[in-house]
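For reference, work_12.cif (mmCIF, C-alpha atoms and all ligand atoms):
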data_my_file
loop_
_atom_site.label_atom_id
_atom_site.label_comp_id
_atom_site.auth_asym_id
_atom_site.auth_seq_id
_atom_site.Cartn_x
_atom_site.Cartn_y
_atom_site.Cartn_z
CA MET A 1 79.89 4.96 85.77
CA MET A 2 81.60 5.80 82.51
CA LEU A 3 82.03 9.47 81.60
CA THR A 4 82.66 10.53 78.01
CA LEU A 5 83.37 14.07 76.87
CA THR A 6 83.42 14.73 73.14
CA ASP A 7 84.78 18.01 71.79
CA ILE A 8 83.55 20.08 74.73
CA HIS A 9 83.74 23.86 74.47
CA THR A 10 82.77 26.32 77.18
CA HIS A 11 82.60 30.10 77.01
CA TYR A 12 82.19 32.79 79.63
CA GLY A 13 80.65 35.47 77.47
CA LEU A 14 83.14 35.96 74.66
CA SER A 15 85.98 34.21 76.49
CA HIS A 16 86.55 30.77 75.03
CA ILE A 17 87.79 28.83 78.07
CA VAL A 18 87.39 25.11 77.32
CA ARG A 19 88.48 24.44 73.77
CA GLY A 20 87.58 21.06 72.43
CA VAL A 21 88.18 18.63 75.28
CA ASP A 22 87.84 14.89 74.62
CA LEU A 23 88.06 12.78 77.75
CA VAL A 24 86.99 9.35 78.90
CA ALA A 25 86.85 8.11 82.48
CA GLU A 26 85.98 4.43 82.68
CA ALA A 27 83.84 3.11 85.50
CA GLY A 28 85.88 2.97 88.71
CA GLU A 29 88.82 4.94 87.34
CA VAL A 30 90.47 7.95 88.91
CA VAL A 31 91.47 10.43 86.21
CA GLY A 32 93.68 13.37 87.19
CA VAL A 33 93.17 16.70 85.43
CA PHE A 34 96.31 18.81 85.73
CA GLY A 35 97.54 22.14 84.41
CA ARG A 36 98.69 25.55 85.49
CA ASN A 37 96.40 28.14 87.06
CA GLY A 38 93.71 29.52 84.82
CA VAL A 39 93.87 26.92 82.02
CA GLY A 40 90.23 25.93 82.51
CA LYS A 41 90.26 22.91 84.85
CA THR A 42 87.61 24.27 87.19
CA THR A 43 85.49 25.38 84.25
CA LEU A 44 85.70 21.85 82.85
CA LEU A 45 84.41 20.34 86.10
CA LYS A 46 81.65 22.96 86.32
CA THR A 47 80.67 22.14 82.75
CA ILE A 48 80.32 18.43 83.57
CA ALA A 49 78.35 19.22 86.74
CA GLY A 50 76.01 21.51 84.80
CA TRP A 51 76.96 24.66 86.70
CA VAL A 52 78.04 26.10 83.35
CA ARG A 53 76.57 25.06 80.04
CA PRO A 54 78.92 23.91 77.26
CA SER A 55 78.67 25.94 74.06
CA ALA A 56 79.39 22.82 71.97
CA GLY A 57 80.13 19.13 72.37
CA GLU A 58 78.61 16.17 74.17
CA ILE A 59 78.87 14.82 77.70
CA ARG A 60 77.61 11.29 78.33
CA LEU A 61 77.21 9.13 81.41
CA ASP A 62 77.07 5.46 80.50
CA GLY A 63 76.19 6.54 76.97
CA GLU A 64 73.37 8.88 77.94
CA ARG A 65 73.71 12.60 77.23
CA ILE A 66 73.71 14.90 80.24
CA ASP A 67 74.89 18.18 78.73
CA GLY A 68 71.87 20.42 78.68
CA LEU A 69 70.43 19.00 81.92
CA SER A 70 70.22 21.25 84.96
CA SER A 71 72.85 20.88 87.68
CA ASP A 72 70.15 19.27 89.87
CA GLY A 73 69.30 16.79 87.14
CA ILE A 74 72.96 15.87 86.71
CA CYS A 75 73.37 15.52 90.47
CA ARG A 76 70.37 13.18 90.63
CA ARG A 77 72.02 10.98 88.02
CA GLY A 78 74.72 10.23 90.53
CA VAL A 79 77.25 12.96 89.87
CA GLY A 80 78.76 14.51 93.00
CA PHE A 81 80.75 17.75 92.79
CA VAL A 82 83.06 18.99 95.54
CA PRO A 83 84.00 22.50 94.41
CA GLU A 84 87.21 24.25 95.31
CA ASP A 85 85.51 26.67 97.72
CA ARG A 86 83.67 23.75 99.43
CA ARG A 87 80.35 25.63 99.71
CA ILE A 88 79.73 25.02 103.40
CA PHE A 89 76.58 27.01 104.05
CA PRO A 90 76.93 29.67 106.70
CA GLY A 91 74.29 29.55 109.41
CA LEU A 92 73.71 25.80 108.92
CA SER A 93 75.01 23.19 111.34
CA VAL A 94 77.28 20.37 110.23
CA GLU A 95 74.28 18.03 110.22
CA GLU A 96 72.14 20.47 108.22
CA ASN A 97 74.95 20.80 105.69
CA LEU A 98 75.12 17.00 105.45
CA ALA A 99 71.34 16.80 105.07
CA LEU A 100 71.65 18.93 101.93
CA GLY A 101 73.25 15.82 100.44
CA PHE A 102 69.83 14.12 100.65
CA LEU A 103 68.64 16.43 97.87
CA GLN A 104 70.84 14.41 95.50
CA VAL A 105 68.72 11.33 96.15
CA PRO A 106 65.13 12.57 96.44
CA GLY A 107 63.60 9.08 96.17
CA ARG A 108 64.98 7.85 99.50
CA SER A 109 62.87 7.31 102.61
CA GLY A 110 63.58 9.07 105.90
CA ALA A 111 64.91 5.78 107.30
CA GLN A 112 67.28 5.39 104.35
CA ASN A 113 68.51 8.94 104.85
CA ARG A 114 69.10 8.32 108.55
CA ALA A 115 71.02 5.13 107.74
CA ALA A 116 73.15 7.05 105.22
CA LEU A 117 73.87 9.68 107.87
CA GLU A 118 74.84 6.98 110.40
CA ARG A 119 77.31 5.52 107.89
CA ILE A 120 78.82 8.96 107.33
CA TYR A 121 79.15 9.54 111.08
CA ALA A 122 80.78 6.13 111.51
CA ARG A 123 83.34 7.11 108.84
CA PHE A 124 83.76 10.69 110.09
CA PRO A 125 83.51 10.62 113.90
CA ARG A 126 84.74 14.19 114.05
CA LEU A 127 81.73 15.39 112.07
CA MET A 128 79.47 13.51 114.46
CA GLU A 129 81.11 15.19 117.46
CA ARG A 130 80.55 18.54 115.82
CA ARG A 131 77.21 17.88 114.21
CA ARG A 132 75.41 20.68 116.07
CA GLN A 133 78.16 23.19 115.41
CA THR A 134 77.87 25.74 112.58
CA GLY A 135 79.65 24.29 109.54
CA THR A 136 81.70 27.40 108.87
CA THR A 137 83.26 27.27 112.37
CA LEU A 138 85.07 24.03 111.46
CA SER A 139 88.75 24.09 110.51
CA GLY A 140 89.64 24.13 106.80
CA GLY A 141 90.39 20.40 106.87
CA GLU A 142 87.13 19.59 108.63
CA GLN A 143 85.22 21.71 106.14
CA GLN A 144 86.81 19.76 103.30
CA MET A 145 85.78 16.52 105.07
CA LEU A 146 82.26 17.92 105.42
CA ALA A 147 82.14 18.83 101.73
CA MET A 148 83.28 15.31 100.79
CA ALA A 149 80.92 13.69 103.29
CA ARG A 150 77.98 15.72 101.95
CA VAL A 151 78.37 14.31 98.46
CA MET A 152 79.02 10.82 99.88
CA VAL A 153 75.58 10.96 101.54
CA GLY A 154 74.17 10.66 98.03
CA ALA A 155 76.49 7.74 97.11
CA PRO A 156 77.64 9.29 93.82
CA ARG A 157 78.81 7.06 91.00
CA LEU A 158 80.88 9.85 89.49
CA LEU A 159 82.70 12.29 91.74
CA LEU A 160 84.22 15.56 90.55
CA VAL A 161 86.73 16.96 93.03
CA ASP A 162 88.39 20.35 92.62
CA GLU A 163 91.68 20.91 94.45
CA PRO A 164 90.77 19.04 97.64
CA SER A 165 94.17 19.54 99.28
CA GLU A 166 94.41 23.29 98.72
CA GLY A 167 95.55 25.11 101.85
CA LEU A 168 95.47 22.00 104.06
CA ALA A 169 98.16 20.54 106.30
CA PRO A 170 99.87 17.36 105.03
CA MET A 171 98.19 15.13 107.63
CA ILE A 172 94.74 16.29 106.58
CA VAL A 173 95.68 15.93 102.92
CA ALA A 174 96.54 12.29 103.67
CA ASP A 175 93.07 11.85 105.23
CA ILE A 176 91.38 13.38 102.18
CA TYR A 177 93.31 11.07 99.86
CA ALA A 178 92.43 8.08 102.00
CA ILE A 179 88.77 8.94 101.38
CA ILE A 180 89.37 9.29 97.66
CA ALA A 181 91.06 5.86 97.65
CA GLU A 182 88.08 4.36 99.54
CA LEU A 183 85.62 5.85 97.06
CA LYS A 184 87.66 4.43 94.20
CA ALA A 185 87.72 1.02 95.89
CA SER A 186 83.93 1.20 96.17
CA GLY A 187 83.72 1.57 92.37
CA CYS A 188 83.15 5.31 92.14
CA THR A 189 84.58 7.02 89.06
CA ILE A 190 86.56 10.11 90.03
CA LEU A 191 87.78 13.15 88.15
CA LEU A 192 90.38 14.90 90.25
CA VAL A 193 91.70 18.42 89.65
CA GLU A 194 94.77 19.02 91.76
CA GLN A 195 97.79 21.33 91.92
CA ASN A 196 99.50 18.82 94.20
CA VAL A 197 100.34 16.53 91.28
CA THR A 198 102.61 14.12 93.13
CA GLN A 199 99.98 13.45 95.76
CA ALA A 200 97.24 13.06 93.17
CA LEU A 201 99.20 10.74 90.87
CA ALA A 202 99.40 8.17 93.66
CA VAL A 203 95.65 7.51 93.24
CA CYS A 204 95.28 8.25 89.51
CA ASP A 205 94.88 5.48 86.97
CA ARG A 206 95.24 7.99 84.18
CA PHE A 207 95.66 11.70 83.74
CA VAL A 208 95.29 14.50 81.26
CA ALA A 209 97.20 17.78 81.18
CA ILE A 210 95.25 20.84 80.09
CA ASP A 211 96.72 23.95 78.55
CA ARG A 212 94.67 26.88 77.30
CA GLY A 213 91.49 24.87 77.50
CA ALA A 214 92.66 21.81 75.57
CA VAL A 215 94.12 18.42 76.46
CA VAL A 216 97.81 18.58 75.51
CA LEU A 217 98.96 15.32 77.09
CA SER A 218 97.42 12.17 78.48
CA GLY A 219 99.08 9.32 80.27
CA THR A 220 99.00 6.52 82.80
CA GLY A 221 99.43 7.35 86.48
CA GLY A 222 101.80 4.46 87.08
CA SER A 223 104.11 5.12 84.12
CA GLU A 224 107.36 6.92 84.96
CA PRO A 225 107.90 8.33 81.42
CA ASP A 226 104.32 9.63 81.44
CA ARG A 227 104.89 11.30 84.81
CA ILE A 228 108.05 12.97 83.55
CA ALA A 229 106.25 14.21 80.44
CA LEU A 230 103.49 15.56 82.69
CA MET A 231 105.91 17.42 84.96
CA ASN A 232 107.59 18.97 81.91
CA THR A 233 104.24 19.95 80.40
CA ILE A 234 102.78 21.68 83.43
CA ALA A 235 106.08 23.36 84.37
CA LEU A 236 106.22 25.22 81.05
N1 LIG B 301 82.62 33.19 85.90
C1 LIG B 301 83.61 33.56 85.09
N2 LIG B 301 83.44 34.54 84.18
C2 LIG B 301 84.44 34.90 83.34
N3 LIG B 301 85.65 34.31 83.31
C3 LIG B 301 85.87 33.32 84.19
C4 LIG B 301 84.87 32.90 85.13
N4 LIG B 301 85.39 31.90 85.87
C5 LIG B 301 86.64 31.70 85.43
N5 LIG B 301 86.95 32.56 84.43
C6 LIG B 301 88.22 32.62 83.67
O1 LIG B 301 88.36 31.40 82.99
C7 LIG B 301 89.73 31.00 82.95
C8 LIG B 301 89.84 29.58 83.45
O2 LIG B 301 89.50 29.53 84.83
P1 LIG B 301 89.41 28.16 85.64
O3 LIG B 301 89.07 28.51 87.04
O4 LIG B 301 88.56 27.23 84.92
O5 LIG B 301 90.91 27.67 85.53
P2 LIG B 301 91.66 26.62 86.41
O6 LIG B 301 92.56 25.90 85.50
O7 LIG B 301 90.74 25.84 87.25
O8 LIG B 301 92.53 27.57 87.32
P3 LIG B 301 92.72 27.56 88.91
O9 LIG B 301 93.67 26.48 89.17
O10 LIG B 301 93.28 28.94 89.14
O11 LIG B 301 91.36 27.35 89.52
C9 LIG B 301 90.47 32.03 83.78
O12 LIG B 301 91.09 32.93 82.89
C10 LIG B 301 89.41 32.70 84.58
O13 LIG B 301 89.76 34.04 84.82
#

Translate the structure of the given file into structure tokens.
Ligand SMILES: Nc1ncnc2c1ncn2[C@@H]1O[C@H](COP(=O)(O)OP(=O)(O)OP(=O)(O)O)[C@@H](O)[C@H]1O
Amino acid sequence: MMLTLTDIHTHYGLSHIVRGVDLVAEAGEVVGVFGRNGVGKTTLLKTIAGWVRPSAGEIRLDGERIDGLSSDGICRRGVGFVPEDRRIFPGLSVEENLALGFLQVPGRSGAQNRAALERIYARFPRLMERRRQTGTTLSGGEQQMLAMARVMVGAPRLLLVDEPSEGLAPMIVADIYAIIAELKASGCTILLVEQNVTQALAVCDRFVAIDRGAVVLSGTGGSEPDRIALMNTIAL
């Protein structure tokens, strides 16, 4: 699914956070969104997901405008969002948290939902083992897996991921990135916000660097000069 942002602006009250972002993610591409703390990366993802409404600009999926739709409406168009805080619901079991993913695809039958759950459990045996356990009792890494698995239940065509490796041990980070690589291989378009730039660049086709709400650099993940320019930009 192709994502196009044209001159997107987002405000929180009077604070002008996202300031004229143009961005394209082609179908099946992983695009890294990098920048120092507080430059507006999370706000940009929330704007695409419809958690925050842009004050100006256009967001299109395969040419069709989605800015202005509710977050539910955007989700039902195949956009999955894994937020930084993971949003594992307290008091719900692992399986109940996963079942929330069914809300993204309301047209499915019970049998289709069960089959989707089976596929998730086959991919994440640890979540199956712990399916009756309260989601918030899982380790940080398992909660990140659960958050990823919950959006995968809905087979998103565009995935927005905010700092998936934050606070996790290197081995778990490798697991998370293996999942991102699998999703990419399956044709999912991915927008990836990450402080761990080196790790993220390994899966990124392209990247943008954001500063004070605007794109200040864009480049190709595999290009060494582009990587050096990126490191210089975000180290400033
Ligand atoms: N709900 C909100 N209301 C008002 N201001 C906000 C809100 N959320 C974020 N901000 C402010 O918007 C700016 C951008 O925040 P945002 O989280 O988008 O940045 P970020 O680049 O993702 O940073 P980080 O890496 O720290 O998450 C910050 O100055 C932040 O304080």

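The protein and nucleic acid residues lying at most 9 Å from A:Asp62 are A:Met1, A:Met2, A:Leu3, A:Thr4, A:Ala27, A:Arg65, with all atoms listed in the file considered and sequence neighbours fewer than 3 positions away removed.
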
(request) To one decimal in Å, tell me the separation between atom CA of A:Ala202 and atom CA of A:Ile180. (result) 10.9 Å

(message) For a test of reading the model, state the distance in Å between atom CA of A:Ile48 and atom CA of A:Gly20, rounded to one decimal.
(response)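 Computing the Euclidean distance for atom CA of A:Ile48 and atom CA of A:Gly20 yields 13.6 Å.
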
For chain A versus ligand LIG 301 (chain B), which residues have an atom no more than 10 Å away, and what is each residue's nearest atom pair and distance in Å rounded to one decimal, using all atoms listed in the file, chain-then-number order, as CSV?
residue,atom,partner,partner_atom,distance
A:Thr10,CA,B:LIG301,O1,9.5
A:His11,CA,B:LIG301,C2,8.2
A:Tyr12,CA,B:LIG301,C2,4.8
A:Gly13,CA,B:LIG301,C2,7.0
A:Leu14,CA,B:LIG301,C2,8.8
A:Ser15,CA,B:LIG301,N3,6.8
A:His16,CA,B:LIG301,O1,8.2
A:Ile17,CA,B:LIG301,O1,5.6
A:Val18,CA,B:LIG301,C8,8.0
A:Val33,CA,B:LIG301,O6,9.2
A:Phe34,CA,B:LIG301,O6,8.0
A:Gly35,CA,B:LIG301,O6,6.3
A:Arg36,CA,B:LIG301,O6,6.1
A:Asn37,CA,B:LIG301,O9,3.8
A:Gly38,CA,B:LIG301,O8,3.4
A:Val39,CA,B:LIG301,O6,3.9
A:Gly40,CA,B:LIG301,O4,3.2
A:Lys41,CA,B:LIG301,O7,3.8
A:Thr42,CA,B:LIG301,O7,3.5
A:Thr43,CA,B:LIG301,O4,3.6
A:Leu44,CA,B:LIG301,O4,6.4
A:Leu45,CA,B:LIG301,O4,8.1
A:Lys46,CA,B:LIG301,O4,8.2
A:Thr47,CA,B:LIG301,O4,9.6
A:Val52,CA,B:LIG301,N1,8.8
A:Glu84,CA,B:LIG301,O11,7.8
A:Asp162,CA,B:LIG301,O7,8.0
A:Glu163,CA,B:LIG301,O9,7.9
A:Val193,CA,B:LIG301,O7,7.9
A:Glu194,CA,B:LIG301,O9,8.0
A:Gln195,CA,B:LIG301,O9,7.1
A:Ile210,CA,B:LIG301,O6,7.9
A:Asp211,CA,B:LIG301,O6,8.3
A:Arg212,CA,B:LIG301,C8,8.3
A:Gly213,CA,B:LIG301,C8,7.8

Restricting the output to C-alpha atoms, write the selected residues as a PDB file, in the coordinates of the input.
ATOM      1  CA  THR A  10      82.770  26.320  77.180  1.00  0.00           C
ATOM      2  CA  HIS A  11      82.600  30.100  77.010  1.00  0.00           C
ATOM      3  CA  TYR A  12      82.190  32.790  79.630  1.00  0.00           C
ATOM      4  CA  GLY A  13      80.650  35.470  77.470  1.00  0.00           C
ATOM      5  CA  LEU A  14      83.140  35.960  74.660  1.00  0.00           C
ATOM      6  CA  SER A  15      85.980  34.210  76.490  1.00  0.00           C
ATOM      7  CA  HIS A  16      86.550  30.770  75.030  1.00  0.00           C
ATOM      8  CA  ILE A  17      87.790  28.830  78.070  1.00  0.00           C
ATOM      9  CA  VAL A  18      87.390  25.110  77.320  1.00  0.00           C
ATOM     10  CA  VAL A  33      93.170  16.700  85.430  1.00  0.00           C
ATOM     11  CA  PHE A  34      96.310  18.810  85.730  1.00  0.00           C
ATOM     12  CA  GLY A  35      97.540  22.140  84.410  1.00  0.00           C
ATOM     13  CA  ARG A  36      98.690  25.550  85.490  1.00  0.00           C
ATOM     14  CA  ASN A  37      96.400  28.140  87.060  1.00  0.00           C
ATOM     15  CA  GLY A  38      93.710  29.520  84.820  1.00  0.00           C
ATOM     16  CA  VAL A  39      93.870  26.920  82.020  1.00  0.00           C
ATOM     17  CA  GLY A  40      90.230  25.930  82.510  1.00  0.00           C
ATOM     18  CA  LYS A  41      90.260  22.910  84.850  1.00  0.00           C
ATOM     19  CA  THR A  42      87.610  24.270  87.190  1.00  0.00           C
ATOM     20  CA  THR A  43      85.490  25.380  84.250  1.00  0.00           C
ATOM     21  CA  LEU A  44      85.700  21.850  82.850  1.00  0.00           C
ATOM     22  CA  LEU A  45      84.410  20.340  86.100  1.00  0.00           C
ATOM     23  CA  LYS A  46      81.650  22.960  86.320  1.00  0.00           C
ATOM     24  CA  THR A  47      80.670  22.140  82.750  1.00  0.00           C
ATOM     25  CA  VAL A  52      78.040  26.100  83.350  1.00  0.00           C
ATOM     26  CA  GLU A  84      87.210  24.250  95.310  1.00  0.00           C
ATOM     27  CA  ASP A 162      88.390  20.350  92.620  1.00  0.00           C
ATOM     28  CA  GLU A 163      91.680  20.910  94.450  1.00  0.00           C
ATOM     29  CA  VAL A 193      91.700  18.420  89.650  1.00  0.00           C
ATOM     30  CA  GLU A 194      94.770  19.020  91.760  1.00  0.00           C
ATOM     31  CA  GLN A 195      97.790  21.330  91.920  1.00  0.00           C
ATOM     32  CA  ILE A 210      95.250  20.840  80.090  1.00  0.00           C
ATOM     33  CA  ASP A 211      96.720  23.950  78.550  1.00  0.00           C
ATOM     34  CA  ARG A 212      94.670  26.880  77.300  1.00  0.00           C
ATOM     35  CA  GLY A 213      91.490  24.870  77.500  1.00  0.00           C
TER      36      GLY A 213
END

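From atom CA of A:Pro54 back to atom CA of A:Arg87, the distance works out to 22.6 Å.
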
(message) Which residues are close to A:Gly222, i.e. within 9 Å by all atoms listed in the file, leaving aside same-chain residues fewer than 2 positions away? Reply as a list in words.
(response) Leu201, Ala202, Cys204, Asp205, Arg206, Gly219, Thr220, Glu224, Asp226 and Arg227 of chain A

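Residue nearest A:Ala122 within the list A:Arg19, A:Gly221, A:Ala149, A:Arg77: A:Ala149 [criterion: smallest interatomic distance, all atoms listed in the file].
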
(request) Please identify all polymer residues within 10 Å of A:Leu183, counting all atoms listed in the file, omitting same-chain residues fewer than 3 positions from it, and present them as a ChimeraX atom specification. (result) /A:28,30,152,155-159,177-180,186-190

Enclose stretch 217-235 of chain A, meaning all of its atoms listed in the file, in a box aligned along x, y and z, pad it by 3 Å on each side, and list the centre and edge lengths in Å to one decimal, as lines of an AutoDock Vina configuration file.
center_x = 102.7
center_y = 13.9
center_z = 82.1
size_x = 16.6
size_y = 24.9
size_z = 16.0

Residues near A:Cys75, cut-off 9 Å, only C-alpha atoms, skip fewer than 6 positions along chain, as an mmCIF file with C-alpha atoms, in the frame of the given file:
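The resulting file, result11.cif, is shown below:
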data_model
loop_
_atom_site.group_PDB
_atom_site.id
_atom_site.type_symbol
_atom_site.label_atom_id
_atom_site.label_comp_id
_atom_site.auth_asym_id
_atom_site.auth_seq_id
_atom_site.Cartn_x
_atom_site.Cartn_y
_atom_site.Cartn_z
ATOM 1 C CA ALA A 49 78.350 19.220 86.740
ATOM 2 C CA GLY A 50 76.010 21.510 84.800
ATOM 3 C CA PHE A 81 80.750 17.750 92.790
ATOM 4 C CA LEU A 103 68.640 16.430 97.870
ATOM 5 C CA GLN A 104 70.840 14.410 95.500
ATOM 6 C CA VAL A 105 68.720 11.330 96.150
ATOM 7 C CA PRO A 156 77.640 9.290 93.820
#
